[in-house]
>>> print(open('structure.cif').read())   # mmCIF, C-alpha atoms and all ligand atoms
data_protein
#
loop_
_atom_site.label_atom_id
_atom_site.label_comp_id
_atom_site.auth_asym_id
_atom_site.auth_seq_id
_atom_site.Cartn_x
_atom_site.Cartn_y
_atom_site.Cartn_z
CA MET G 1 51.55 -24.45 53.25
CA ILE G 2 50.04 -27.74 54.36
CA VAL G 3 53.36 -29.09 55.58
CA ARG G 4 53.96 -25.91 57.55
CA THR G 5 50.48 -26.02 59.00
CA LEU G 6 50.91 -29.60 60.17
CA THR G 7 54.29 -28.86 61.65
CA PHE G 8 52.81 -25.90 63.43
CA TRP G 9 49.95 -27.99 64.69
CA SER G 10 52.04 -30.75 66.11
CA LEU G 11 53.80 -28.02 68.12
CA VAL G 12 50.67 -26.19 69.17
CA LEU G 13 48.65 -29.25 70.11
CA SER G 14 51.38 -30.68 72.23
CA ALA G 15 51.82 -27.30 73.90
CA LEU G 16 48.13 -26.96 74.60
CA ALA G 17 47.35 -30.49 75.69
CA ALA G 18 43.80 -29.26 76.27
CA PRO G 19 41.19 -31.91 76.91
CA LEU G 20 38.63 -32.53 74.20
CA VAL G 21 35.39 -32.45 76.10
CA PRO G 22 31.90 -32.50 74.65
CA TYR G 23 29.36 -29.94 75.69
CA GLN G 24 26.96 -30.70 78.41
CA ILE G 25 23.45 -30.81 77.09
CA PRO G 26 21.99 -27.33 77.60
CA ILE G 27 19.64 -27.20 80.52
CA GLU G 28 16.49 -25.16 80.08
CA GLY G 29 16.28 -22.59 82.85
CA THR G 30 13.05 -22.12 84.69
CA ARG G 31 11.22 -18.97 83.73
CA GLY G 32 13.12 -15.97 84.97
CA HIS G 33 16.12 -18.04 85.95
CA ARG G 34 19.17 -15.90 85.41
CA GLY G 35 22.70 -16.60 84.34
CA LYS G 36 25.84 -14.65 83.48
CA PHE G 37 28.19 -14.50 80.54
CA LEU G 38 31.43 -12.74 79.81
CA HIS G 39 32.19 -10.48 76.86
CA VAL G 40 35.88 -10.06 76.07
CA THR G 41 37.31 -8.54 72.92
CA ASP G 42 40.38 -7.30 71.07
CA ILE G 43 43.14 -8.91 73.09
CA HIS G 44 45.87 -8.29 70.45
CA ILE G 45 48.55 -10.22 72.29
CA ASP G 46 52.08 -9.20 71.29
CA PRO G 47 54.81 -11.60 72.40
CA THR G 48 57.38 -9.21 70.92
CA TYR G 49 56.35 -6.26 73.14
CA ILE G 50 59.32 -4.87 75.07
CA PRO G 51 58.68 -2.88 78.27
CA GLY G 52 60.76 0.30 78.33
CA SER G 53 60.83 0.57 74.55
CA ASP G 54 59.66 3.43 72.35
CA PRO G 55 55.91 3.38 71.49
CA THR G 56 56.79 5.12 68.22
CA PHE G 57 58.47 1.83 67.31
CA LEU G 58 55.30 -0.06 68.30
CA CYS G 59 56.97 -0.99 71.60
CA HIS G 60 59.30 -3.35 69.74
CA ARG G 61 62.56 -1.41 70.04
CA LYS G 62 64.26 1.15 72.24
CA ASN G 63 65.12 4.58 70.96
CA ASP G 64 68.89 4.91 71.23
CA ASN G 65 68.95 8.53 70.09
CA ASP G 66 66.46 9.83 72.63
CA THR G 67 66.06 7.57 75.64
CA THR G 68 63.35 9.82 77.11
CA LEU G 69 61.03 8.29 74.51
CA ASN G 70 61.43 4.77 75.92
CA VAL G 71 58.22 5.01 77.92
CA ALA G 72 56.40 1.74 77.12
CA GLY G 73 55.06 0.44 80.41
CA ARG G 74 55.41 -3.02 81.83
CA PHE G 75 51.68 -3.64 81.28
CA GLY G 76 51.14 -1.61 78.12
CA ALA G 77 51.44 1.81 76.51
CA LEU G 78 48.12 3.53 77.13
CA GLY G 79 46.63 5.28 74.11
CA LYS G 80 49.55 4.40 71.80
CA ASP G 81 49.69 2.13 68.78
CA CYS G 82 51.32 -0.75 70.68
CA ASP G 83 49.59 -4.07 71.24
CA SER G 84 49.14 -5.91 74.53
CA PRO G 85 52.18 -7.22 76.39
CA VAL G 86 51.94 -10.84 77.49
CA GLU G 87 51.98 -9.74 81.13
CA LEU G 88 48.78 -7.71 80.65
CA VAL G 89 47.06 -10.62 78.92
CA ASP G 90 48.15 -13.00 81.71
CA ALA G 91 46.76 -10.58 84.31
CA ALA G 92 43.46 -10.15 82.46
CA PHE G 93 42.89 -13.91 82.24
CA ASP G 94 43.96 -14.37 85.83
CA PHE G 95 41.32 -11.82 86.85
CA MET G 96 38.63 -13.44 84.70
CA LYS G 97 39.44 -16.92 85.96
CA ARG G 98 39.47 -15.95 89.64
CA ASN G 99 36.30 -13.91 89.50
CA PHE G 100 34.02 -15.36 86.86
CA SER G 101 34.93 -18.96 86.06
CA ASP G 102 32.51 -20.29 88.70
CA GLU G 103 29.59 -18.10 87.79
CA ILE G 104 29.37 -17.70 84.02
CA ASP G 105 27.59 -19.97 81.54
CA PHE G 106 29.49 -18.90 78.44
CA VAL G 107 32.01 -16.47 76.96
CA ILE G 108 31.61 -14.39 73.85
CA TYR G 109 34.95 -13.47 72.37
CA THR G 110 34.52 -10.96 69.59
CA GLY G 111 37.91 -11.32 67.94
CA ASP G 112 41.18 -9.54 67.16
CA THR G 113 43.43 -11.97 68.96
CA ALA G 114 46.65 -11.32 67.05
CA ARG G 115 48.90 -8.28 67.19
CA HIS G 116 48.60 -5.63 64.52
CA ASP G 117 50.83 -5.84 61.48
CA ARG G 118 52.05 -2.26 61.78
CA ASP G 119 55.78 -2.69 62.14
CA ALA G 120 57.64 -2.72 58.83
CA VAL G 121 60.79 -3.85 60.67
CA LYS G 122 58.97 -6.77 62.23
CA PRO G 123 56.29 -7.87 59.74
CA ARG G 124 53.81 -10.40 61.02
CA THR G 125 53.99 -13.89 59.50
CA GLU G 126 51.18 -16.42 59.16
CA PHE G 127 52.95 -18.44 61.80
CA ASP G 128 52.84 -15.41 64.17
CA VAL G 129 49.09 -15.04 63.64
CA LEU G 130 48.45 -18.70 64.44
CA ALA G 131 50.82 -18.62 67.41
CA ASP G 132 48.86 -15.64 68.83
CA HIS G 133 45.61 -17.57 68.33
CA ALA G 134 47.14 -20.60 70.04
CA ALA G 135 48.32 -18.52 73.00
CA ILE G 136 44.85 -17.07 73.59
CA LEU G 137 43.17 -20.43 73.10
CA ASN G 138 45.52 -21.78 75.74
CA HIS G 139 44.45 -18.99 78.11
CA LEU G 140 40.77 -19.62 77.42
CA THR G 141 40.94 -23.36 78.05
CA LYS G 142 43.05 -22.91 81.18
CA SER G 143 40.78 -20.22 82.59
CA PHE G 144 37.43 -21.81 81.87
CA ASP G 145 36.21 -25.39 82.19
CA THR G 146 35.03 -25.95 78.62
CA SER G 147 32.89 -28.91 79.67
CA LYS G 148 30.66 -26.41 81.49
CA ILE G 149 31.43 -23.01 79.98
CA ARG G 150 31.02 -22.65 76.27
CA ILE G 151 33.26 -20.21 74.43
CA PHE G 152 32.06 -18.59 71.22
CA PRO G 153 34.81 -16.90 69.20
CA THR G 154 34.60 -14.69 66.10
CA ILE G 155 37.12 -13.70 63.45
CA GLY G 156 38.53 -10.18 63.66
CA ASN G 157 40.11 -8.05 60.96
CA ASN G 158 43.52 -8.65 62.57
CA ASP G 159 43.00 -12.39 62.95
CA VAL G 160 43.47 -12.98 59.24
CA PHE G 161 46.81 -13.41 57.51
CA ASN G 162 46.62 -10.09 55.62
CA HIS G 163 45.25 -7.19 57.62
CA ASP G 164 41.55 -6.61 56.84
CA GLN G 165 41.54 -9.06 53.91
CA MET G 166 39.61 -12.30 53.88
CA PRO G 167 38.08 -14.08 50.90
CA TYR G 168 34.99 -16.28 50.98
CA GLY G 169 35.45 -20.03 50.73
CA GLU G 170 37.65 -22.72 52.18
CA GLN G 171 41.07 -21.43 53.13
CA PRO G 172 44.06 -22.22 55.36
CA LEU G 173 42.98 -19.67 57.99
CA THR G 174 39.61 -21.30 58.72
CA GLN G 175 41.17 -24.76 58.45
CA ASN G 176 43.71 -23.76 61.09
CA LEU G 177 41.11 -22.11 63.30
CA THR G 178 38.98 -25.25 63.06
CA LYS G 179 41.83 -27.27 64.54
CA LEU G 180 42.81 -24.58 66.95
CA TRP G 181 39.33 -24.10 68.37
CA GLU G 182 38.68 -27.86 68.61
CA PRO G 183 39.02 -27.84 72.42
CA LEU G 184 36.05 -25.45 72.53
CA GLY G 185 33.83 -28.31 71.38
CA LEU G 186 32.09 -26.35 68.64
CA ASN G 187 32.57 -29.18 66.11
CA LEU G 188 33.47 -26.66 63.44
CA GLN G 189 35.05 -29.35 61.25
CA GLU G 190 31.56 -30.62 60.48
CA ASP G 191 30.08 -27.18 60.01
CA GLU G 192 29.95 -26.26 56.34
CA ASP G 193 28.96 -22.66 57.09
CA PHE G 194 32.12 -22.17 59.12
CA GLN G 195 34.32 -24.03 56.66
CA ILE G 196 33.16 -21.86 53.78
CA GLY G 197 32.19 -18.60 55.43
CA GLY G 198 33.76 -18.50 58.90
CA TYR G 199 30.36 -18.04 60.59
CA TYR G 200 28.25 -20.42 62.68
CA THR G 201 25.27 -20.71 64.97
CA ARG G 202 24.92 -22.73 68.18
CA GLU G 203 22.32 -23.33 70.84
CA ILE G 204 22.86 -21.73 74.25
CA THR G 205 19.63 -22.95 75.83
CA PRO G 206 16.65 -24.52 74.07
CA THR G 207 15.11 -21.04 73.74
CA LEU G 208 18.25 -19.05 72.98
CA SER G 209 20.88 -19.39 70.25
CA ILE G 210 23.99 -17.51 69.31
CA VAL G 211 24.85 -16.41 65.78
CA SER G 212 28.55 -15.67 65.26
CA LEU G 213 28.80 -13.55 62.14
CA ASN G 214 31.97 -13.20 60.13
CA THR G 215 31.84 -9.44 59.67
CA MET G 216 34.86 -9.62 57.33
CA HIS G 217 32.31 -10.30 54.55
CA LEU G 218 30.62 -6.97 55.27
CA TYR G 219 33.58 -4.83 56.30
CA LYS G 220 34.32 -2.03 53.89
CA ASN G 221 38.10 -2.33 54.31
CA ASN G 222 38.01 -5.91 53.01
CA VAL G 223 38.63 -5.46 49.29
CA LEU G 224 38.17 -9.21 48.79
CA ALA G 225 34.50 -8.86 49.75
CA ALA G 226 32.28 -7.22 47.15
CA ASP G 227 29.47 -4.96 48.29
CA CYS G 228 26.15 -6.70 48.83
CA ASN G 229 24.61 -5.28 45.66
CA ALA G 230 27.04 -7.41 43.64
CA ARG G 231 25.71 -10.77 42.53
CA LYS G 232 26.61 -13.62 44.86
CA SER G 233 28.67 -11.44 47.17
CA ALA G 234 29.94 -13.10 50.36
CA GLY G 235 28.01 -10.61 52.48
CA THR G 236 24.74 -11.44 50.74
CA LYS G 237 25.32 -15.16 51.19
CA MET G 238 25.96 -14.69 54.90
CA LEU G 239 23.00 -12.37 55.39
CA LYS G 240 20.68 -14.83 53.61
CA TRP G 241 21.94 -17.54 55.95
CA PHE G 242 21.39 -15.18 58.88
CA GLU G 243 17.86 -14.40 57.77
CA LYS G 244 17.03 -18.08 57.45
CA ILE G 245 18.13 -18.59 61.06
CA LEU G 246 16.06 -15.62 62.23
CA LYS G 247 12.98 -16.90 60.41
CA LYS G 248 13.38 -20.35 61.89
CA ALA G 249 13.93 -18.86 65.36
CA ARG G 250 10.71 -16.90 64.97
CA ARG G 251 8.83 -20.07 64.01
CA ASP G 252 10.37 -22.01 66.89
CA GLY G 253 9.82 -19.26 69.45
CA ARG G 254 13.55 -18.85 70.07
CA LYS G 255 15.67 -15.73 70.60
CA ILE G 256 19.05 -14.93 69.11
CA TYR G 257 22.19 -13.21 70.37
CA VAL G 258 24.32 -11.87 67.53
CA ILE G 259 28.08 -11.58 67.96
CA GLY G 260 30.57 -10.17 65.50
CA HIS G 261 33.86 -8.31 65.39
CA VAL G 262 33.26 -5.14 63.36
CA PRO G 263 30.00 -3.39 64.33
CA PRO G 264 27.86 -1.92 61.53
CA HIS G 265 28.84 1.58 62.60
CA ASN G 266 31.92 3.15 64.08
CA ASP G 267 31.52 5.30 67.15
CA GLU G 268 31.26 8.44 65.11
CA GLY G 269 28.14 6.96 63.56
CA HIS G 270 29.59 6.24 60.10
CA HIS G 271 28.95 2.88 58.49
CA ALA G 272 31.82 0.42 58.82
CA TYR G 273 30.36 -1.99 56.26
CA HIS G 274 30.16 -1.66 52.50
CA LEU G 275 27.15 0.60 51.96
CA ALA G 276 24.75 -1.96 50.46
CA CYS G 277 25.84 -4.52 53.07
CA TYR G 278 25.23 -1.97 55.81
CA ASN G 279 21.74 -1.25 54.48
CA ASP G 280 20.98 -4.95 54.07
CA TYR G 281 22.25 -5.71 57.54
CA ILE G 282 20.20 -3.08 59.34
CA TYR G 283 17.19 -4.06 57.21
CA THR G 284 17.61 -7.66 58.40
CA LEU G 285 17.87 -6.46 62.00
CA GLY G 286 14.85 -4.23 61.64
CA THR G 287 12.59 -6.77 59.99
CA HIS G 288 13.42 -9.42 62.62
CA TYR G 289 13.81 -7.21 65.63
CA GLU G 290 11.52 -9.27 67.88
CA VAL G 291 13.78 -12.31 67.50
CA ILE G 292 17.12 -10.69 68.37
CA ALA G 293 17.65 -10.29 72.12
CA GLY G 294 21.17 -8.84 72.00
CA GLN G 295 24.02 -7.77 69.73
CA PHE G 296 27.63 -7.68 70.83
CA PHE G 297 30.62 -6.35 68.91
CA GLY G 298 34.23 -5.29 69.47
CA HIS G 299 36.80 -3.67 67.17
CA THR G 300 36.34 -0.01 68.16
CA ASN G 301 38.17 -0.48 71.50
CA ASP G 302 35.48 1.70 72.93
CA ASP G 303 32.34 1.51 74.98
CA THR G 304 29.49 2.64 72.76
CA ILE G 305 25.77 2.16 72.35
CA ALA G 306 23.80 2.47 69.13
CA PHE G 307 20.05 2.46 68.65
CA LEU G 308 18.29 1.10 65.60
CA HIS G 309 14.94 2.79 65.12
CA ALA G 310 12.19 3.08 62.54
CA HIS G 311 8.90 4.78 61.94
CA HIS G 312 7.47 1.48 60.70
CA PRO G 313 8.83 -1.45 62.69
CA ASN G 314 9.33 -4.55 60.54
CA LYS G 315 9.19 -2.41 57.42
CA GLY G 316 11.61 0.46 57.62
CA PRO G 317 13.36 2.52 56.55
CA PHE G 318 15.65 1.81 59.49
CA HIS G 319 18.13 4.22 61.04
CA LEU G 320 21.10 3.53 63.25
CA GLU G 321 22.20 6.20 65.71
CA THR G 322 25.34 5.99 67.78
CA ILE G 323 25.32 7.72 71.12
CA ILE G 324 28.36 9.86 71.66
CA ASP G 325 27.51 12.60 74.11
CA LYS G 326 23.96 13.48 73.18
CA PRO G 327 20.66 11.62 73.18
CA PRO G 328 20.06 10.03 69.80
CA ASN G 329 18.27 12.05 67.19
CA VAL G 330 15.10 9.98 67.46
CA ASP G 331 11.59 11.36 67.61
CA LEU G 332 10.19 8.94 70.15
CA LYS G 333 6.63 10.01 69.34
CA THR G 334 6.88 8.76 65.77
CA HIS G 335 9.80 6.30 65.85
CA LYS G 336 10.22 3.08 67.73
CA ILE G 337 13.61 1.89 68.98
CA LEU G 338 14.03 -1.69 67.86
CA HIS G 339 17.55 -2.60 68.91
CA VAL G 340 20.36 -1.58 71.18
CA ILE G 341 23.77 -2.53 69.80
CA SER G 342 26.67 -2.66 72.25
CA THR G 343 30.35 -2.49 71.48
CA ALA G 344 32.60 -3.39 74.38
CA PRO G 345 35.97 -1.91 75.32
CA SER G 346 39.05 -3.99 74.64
CA ILE G 347 42.00 -5.57 76.40
CA ILE G 348 44.46 -3.79 74.08
CA PRO G 349 45.21 -0.59 75.98
CA PHE G 350 44.15 2.02 73.50
CA ASN G 351 41.80 2.89 76.33
CA ASN G 352 42.24 1.32 79.72
CA PRO G 353 41.60 -2.44 79.38
CA ALA G 354 38.13 -3.67 80.30
CA VAL G 355 35.81 -6.68 80.17
CA ARG G 356 32.09 -7.06 80.74
CA VAL G 357 29.90 -9.54 82.57
CA TYR G 358 26.28 -9.65 81.46
CA GLU G 359 23.35 -10.97 83.42
CA TYR G 360 20.64 -12.57 81.32
CA GLU G 361 17.55 -14.71 81.54
CA LYS G 362 18.24 -18.22 80.35
CA ARG G 363 14.76 -18.56 79.02
CA GLY G 364 14.46 -16.20 76.08
CA GLY G 365 17.68 -14.27 76.66
CA ARG G 366 16.33 -11.03 78.13
CA LEU G 367 19.39 -8.96 79.02
CA VAL G 368 19.14 -7.77 82.60
CA ASP G 369 22.36 -5.87 83.26
CA TYR G 370 26.07 -5.73 82.65
CA VAL G 371 28.96 -4.82 84.87
CA GLN G 372 32.11 -3.47 83.29
CA TYR G 373 35.46 -4.09 84.94
CA TRP G 374 38.56 -2.10 84.08
CA THR G 375 42.07 -1.49 85.20
CA ASP G 376 43.83 1.87 85.37
CA LEU G 377 47.14 1.24 83.62
CA ASN G 378 48.84 4.33 85.08
CA GLU G 379 48.11 3.10 88.58
CA ASP G 380 49.08 -0.45 87.59
CA GLU G 381 52.50 0.77 86.54
CA GLN G 382 53.00 2.55 89.84
CA ARG G 383 51.95 -0.37 92.02
CA GLY G 384 53.64 -2.96 89.78
CA ARG G 385 50.47 -5.01 89.52
CA VAL G 386 47.40 -5.08 87.26
CA GLU G 387 44.23 -4.67 89.30
CA PHE G 388 40.87 -4.90 87.59
CA VAL G 389 38.00 -3.30 89.52
CA GLU G 390 34.34 -2.62 88.82
CA GLU G 391 33.95 0.44 86.62
CA TYR G 392 30.17 0.66 86.45
CA ALA G 393 26.98 -1.38 86.28
CA ALA G 394 24.64 -0.39 83.44
CA SER G 395 21.60 -0.61 85.73
CA LYS G 396 23.03 1.93 88.18
CA ALA G 397 24.84 4.15 85.68
CA TYR G 398 21.77 4.57 83.48
CA GLY G 399 19.02 3.85 86.01
CA LEU G 400 17.71 0.96 83.93
CA LYS G 401 15.49 -1.85 85.18
CA ASP G 402 16.95 -4.09 82.49
CA LEU G 403 18.61 -3.70 79.08
CA THR G 404 15.53 -4.18 76.90
CA THR G 405 14.66 -1.53 74.33
CA LYS G 406 11.59 -0.70 76.43
CA SER G 407 13.80 0.30 79.34
CA TRP G 408 16.12 2.33 77.10
CA ILE G 409 13.11 4.13 75.61
CA GLY G 410 11.95 4.96 79.14
CA LEU G 411 15.36 6.44 79.91
CA LEU G 412 15.42 8.51 76.71
CA LYS G 413 11.94 9.85 77.41
CA THR G 414 12.99 10.90 80.90
CA LEU G 415 16.08 12.63 79.50
CA GLU G 416 13.95 14.37 76.91
CA ARG G 417 11.45 15.54 79.52
CA ASN G 418 14.19 16.86 81.75
CA GLY G 419 16.14 18.39 78.87
CA THR G 420 19.16 16.44 80.09
CA GLU G 421 21.95 15.17 77.87
CA MET G 422 22.81 11.52 77.93
CA GLU G 423 26.29 10.79 79.13
CA LEU G 424 27.86 7.46 78.44
CA ALA G 425 29.11 5.68 81.50
CA GLY G 426 32.78 4.83 81.50
CA GLN G 427 33.78 7.63 79.17
CA ASP G 428 34.33 10.44 81.61
CA ASP G 429 37.21 8.88 83.40
CA GLU G 430 40.30 10.94 82.95
CA ALA G 431 42.40 7.86 82.46
CA GLU G 432 40.24 6.69 79.60
CA LEU G 433 41.61 8.24 76.47
CA GLY G 434 40.24 9.31 73.17
CA HIS G 435 37.64 7.34 71.35
CA LEU G 436 37.79 5.58 68.04
CA ALA G 437 40.76 3.43 67.21
CA ALA G 438 39.04 1.15 64.78
CA THR G 439 42.00 -0.62 63.27
ZN ZN G 501 41.21 -4.74 67.36
ZN ZN G 502 39.34 -5.00 64.68
#
>>> encode(input="structure.cif", output="structure tokens", more="lines below")
Ligand SMILES: [Zn+2]
Ligand SMILES: [Zn+2]
Amino acid sequence: MIVRTLTFWSLVLSALAAPLVPYQIPIEGTRGHRGKFLHVTDIHIDPTYIPGSDPTFLCHRKNDNDTTLNVAGRFGALGKDCDSPVELVDAAFDFMKRNFSDEIDFVIYTGDTARHDRDAVKPRTEFDVLADHAAILNHLTKSFDTSKIRIFPTIGNNDVFNHDQMPYGEQPLTQNLTKLWEPLGLNLQEDEDFQIGGYYTREITPTLSIVSLNTMHLYKNNVLAADCNARKSAGTKMLKWFEKILKKARRDGRKIYVIGHVPPHNDEGHHAYHLACYNDYIYTLGTHYEVIAGQFFGHTNDDTIAFLHAHHPNKGPFHLETIIDKPPNVDLKTHKILHVISTAPSIIPFNNPAVRVYEYEKRGGRLVDYVQYWTDLNEDEQRGRVEFVEEYAASKAYGLKDLTTKSWIGLLKTLERNGTEMELAGQDDEAELGHLAAT
């Protein structure tokens, strides 16, 4: 294993040749000074994707018996089980580089870099997983000047060697990711939390930090992670670490952005974590709600919003409601909304690919707005070119002054008064298919 890893690394590092640059010291923004950051997720690059192949064969082979089934597009197979062709990934990074590399402060990348391991004929090797990681790292460092733009990655359930399975403790995967992500300047080699648990925290500005959770320790499909009611479970260890950070942030007057791959809920509102872990997680969120200024997840390939609310803030019990096509079942007279959890759409074209750019206040992290950009793959195929355009801005789509819970509560009260149903922006487009593809 070690020999193979080193061999791999000598190849990857020479291919990347990315400069190792230290971070600039964060500069405290003046009060109200705004910045932008990018949220990208679930790239699932597949170097073995073949345009004009059969999506039933995961876009890896043509169907010789029925050639009418060879419909995989040049830029992807919308709504099928195929991963992202390299050409789509190239186009997405080209768009991000041209449009955002001069204006963003940082990137949150919420995981699922590698292709799925769905093809029995072409099983994924550990080398494939690392090569996919290396390819995306190469894109990130070429698209963004890492001496100015910090990039915060997370581990997805397809980024591990065995789908959905990741143990706690030191392991080849995190050792490899440590080397791989070295050009991002996160100094993960000296970070015991990352080495053992795959999670870390870093400062964005002196009043705002990011916590990158490793949701594999909470995820109910990970049989190597015990539920959080088991003694010394990985999830409990991580949540204790998380709570310590939140308590310290409260003492220091800092705010926290939380990023992770698997959100606590899927977009049908069911818990995606082991049950006790789910309860512990939302309890932690609820009891420290004043400290957390934003939560960002991926994995569902879908654009969803969930509200965490409680009758007794700081005490609970806490409830998480996912918005699908109705206002959440929250009695706003008796319950307070404490958090808004966002999951972003993906690059993998289960739905049309999309990315988000958030606007935030550097001091304290108040989220002001986000703009979602998407590309219509059917049109892309016809014009022979991927063209990302603005899909919607949250402020305009929802009529929000900013993205604080106070503003969301105002919106829900207006909807309630008018007897109007809440419609999610970005979900009515005909070209956007289906909903949950949490795999
Ligand atoms: Zn994914
Ligand atoms: Zn995932």
>>> closest_atom_pairs(input="structure.cif", of="stretch 172-243 of chain G", to="stretch 100-122 of chain G", cutoff="12 Å", atoms="all atoms listed in the file", output="JSON lines")
{"residue": "G:Leu177", "atom": "CA", "partner": "G:Thr113", "partner_atom": "CA", "distance": 11.8}
{"residue": "G:Leu184", "atom": "CA", "partner": "G:Val107", "partner_atom": "CA", "distance": 10.8}
{"residue": "G:Arg202", "atom": "CA", "partner": "G:Phe106", "partner_atom": "CA", "distance": 11.9}
{"residue": "G:Glu203", "atom": "CA", "partner": "G:Phe106", "partner_atom": "CA", "distance": 11.3}
{"residue": "G:Ile204", "atom": "CA", "partner": "G:Phe106", "partner_atom": "CA", "distance": 8.3}
{"residue": "G:Thr205", "atom": "CA", "partner": "G:Asp105", "partner_atom": "CA", "distance": 10.2}
{"residue": "G:Ser209", "atom": "CA", "partner": "G:Phe106", "partner_atom": "CA", "distance": 11.9}
{"residue": "G:Ile210", "atom": "CA", "partner": "G:Ile108", "partner_atom": "CA", "distance": 9.4}
{"residue": "G:Val211", "atom": "CA", "partner": "G:Ile108", "partner_atom": "CA", "distance": 10.7}
{"residue": "G:Ser212", "atom": "CA", "partner": "G:Thr110", "partner_atom": "CA", "distance": 8.8}
{"residue": "G:Leu213", "atom": "CA", "partner": "G:Thr110", "partner_atom": "CA", "distance": 9.7}
{"residue": "G:Asn214", "atom": "CA", "partner": "G:Gly111", "partner_atom": "CA", "distance": 10.0}
{"residue": "G:Thr215", "atom": "CA", "partner": "G:Thr110", "partner_atom": "CA", "distance": 10.4}
{"residue": "G:Met216", "atom": "CA", "partner": "G:Gly111", "partner_atom": "CA", "distance": 11.2}
>>> atom_distance(input="structure.cif", atom1="atom CA of G:Trp181", atom2="atom CA of G:Lys142")
13.4 Å
>>> closest_residue(input="structure.cif", among="G:Asp94, G:Glu361, G:Asp83, G:Glu126", to="ligand ZN 501 (chain G)", atoms="all atoms listed in the file")
G:Asp83
>>> residues_near_ligand(input="structure.cif", ligand="ligand ZN 501 (chain G)", cutoff="8 Å", atoms="only C-alpha atoms and all ligand atoms", output="ChimeraX atom specification")
/G:41-44,111-113,116,156-158,298-301,346,348,438-439
>>> closest_residue(input="structure.cif", among="G:His339, G:His217, G:His139, G:Lys396", to="G:Met166", atoms="all atoms listed in the file")
G:His217
>>> closest_residue(input="structure.cif", among="G:Thr343, G:Ser147, G:Thr141, G:Thr322", to="ligand ZN 502 (chain G)", atoms="all atoms listed in the file")
G:Thr343
>>> closest_residue(input="structure.cif", among="G:Ile155, G:Val340, G:Ala92, G:Ala77", to="ligand ZN 502 (chain G)", atoms="all atoms listed in the file")
G:Ile155
>>> residues_around(input="structure.cif", residues="G:Arg250", least_positions_apart="2", cutoff="12 Å", atoms="all atoms listed in the file", output="short mmCIF file (atom, residue, chain, number, x, y, z; two decimals) with C-alpha atoms, keeping the file's coordinate frame")
data_model
loop_
_atom_site.label_atom_id
_atom_site.label_comp_id
_atom_site.auth_asym_id
_atom_site.auth_seq_id
_atom_site.Cartn_x
_atom_site.Cartn_y
_atom_site.Cartn_z
CA THR G 207 15.11 -21.04 73.74
CA LEU G 208 18.25 -19.05 72.98
CA SER G 209 20.88 -19.39 70.25
CA GLU G 243 17.86 -14.40 57.77
CA LYS G 244 17.03 -18.08 57.45
CA ILE G 245 18.13 -18.59 61.06
CA LEU G 246 16.06 -15.62 62.23
CA LYS G 247 12.98 -16.90 60.41
CA LYS G 248 13.38 -20.35 61.89
CA ASP G 252 10.37 -22.01 66.89
CA GLY G 253 9.82 -19.26 69.45
CA ARG G 254 13.55 -18.85 70.07
CA LYS G 255 15.67 -15.73 70.60
CA ILE G 256 19.05 -14.93 69.11
CA THR G 287 12.59 -6.77 59.99
CA HIS G 288 13.42 -9.42 62.62
CA TYR G 289 13.81 -7.21 65.63
CA GLU G 290 11.52 -9.27 67.88
CA VAL G 291 13.78 -12.31 67.50
CA ILE G 292 17.12 -10.69 68.37
CA ALA G 293 17.65 -10.29 72.12
CA GLY G 364 14.46 -16.20 76.08
#
>>> residues_around(input="structure.cif", residues="G:Asp66", least_positions_apart="4", cutoff="10 Å", atoms="only C-alpha atoms", output="VMD selection string")
chain G and resid 54 62 70
>>> atom_distance(input="structure.cif", atom1="atom CA of G:Val258", atom2="atom CA of G:Gln295")
4.7 Å
>>> closest_residue(input="structure.cif", among="G:Pro317, G:Pro345, G:Gly399, G:Gly198", to="ligand ZN 502 (chain G)", atoms="all atoms listed in the file")
G:Pro345
>>> atom_distance(input="structure.cif", atom1="atom CA of G:Val357", atom2="atom CA of G:Asn138")
21.0 Å
>>> closest_residue(input="structure.cif", among="G:Pro51, G:Gly79, G:Gly35, G:Pro153", to="G:Glu359", atoms="all atoms listed in the file")
G:Gly35
>>> residues_around(input="structure.cif", residues="G:Thr178", least_positions_apart="5", cutoff="9 Å", atoms="only C-alpha atoms", output="ChimeraX atom specification")
/G:173,186-189,194-195
>>> decode(input="structure.cif", residues="stretch 91-96 of chain G", atoms="N, CA and C atoms", output="short mmCIF file (atom, residue, chain, number, x, y, z; two decimals), in the first residue's frame")
data_model
loop_
_atom_site.label_atom_id
_atom_site.label_comp_id
_atom_site.auth_asym_id
_atom_site.auth_seq_id
_atom_site.Cartn_x
_atom_site.Cartn_y
_atom_site.Cartn_z
N ALA G 91 -15.54 22.52 -18.43
CA ALA G 91 -16.38 23.69 -18.73
C ALA G 91 -16.82 24.38 -17.44
N ALA G 92 -17.15 23.58 -16.42
CA ALA G 92 -17.60 24.17 -15.15
C ALA G 92 -16.47 24.98 -14.52
N PHE G 93 -15.26 24.43 -14.51
CA PHE G 93 -14.14 25.16 -13.92
C PHE G 93 -13.76 26.38 -14.76
N ASP G 94 -13.88 26.23 -16.06
CA ASP G 94 -13.60 27.37 -16.93
C ASP G 94 -14.56 28.52 -16.61
N PHE G 95 -15.83 28.18 -16.42
CA PHE G 95 -16.83 29.19 -16.06
C PHE G 95 -16.50 29.83 -14.71
N MET G 96 -16.17 28.99 -13.73
CA MET G 96 -15.89 29.52 -12.38
C MET G 96 -14.65 30.41 -12.40
#
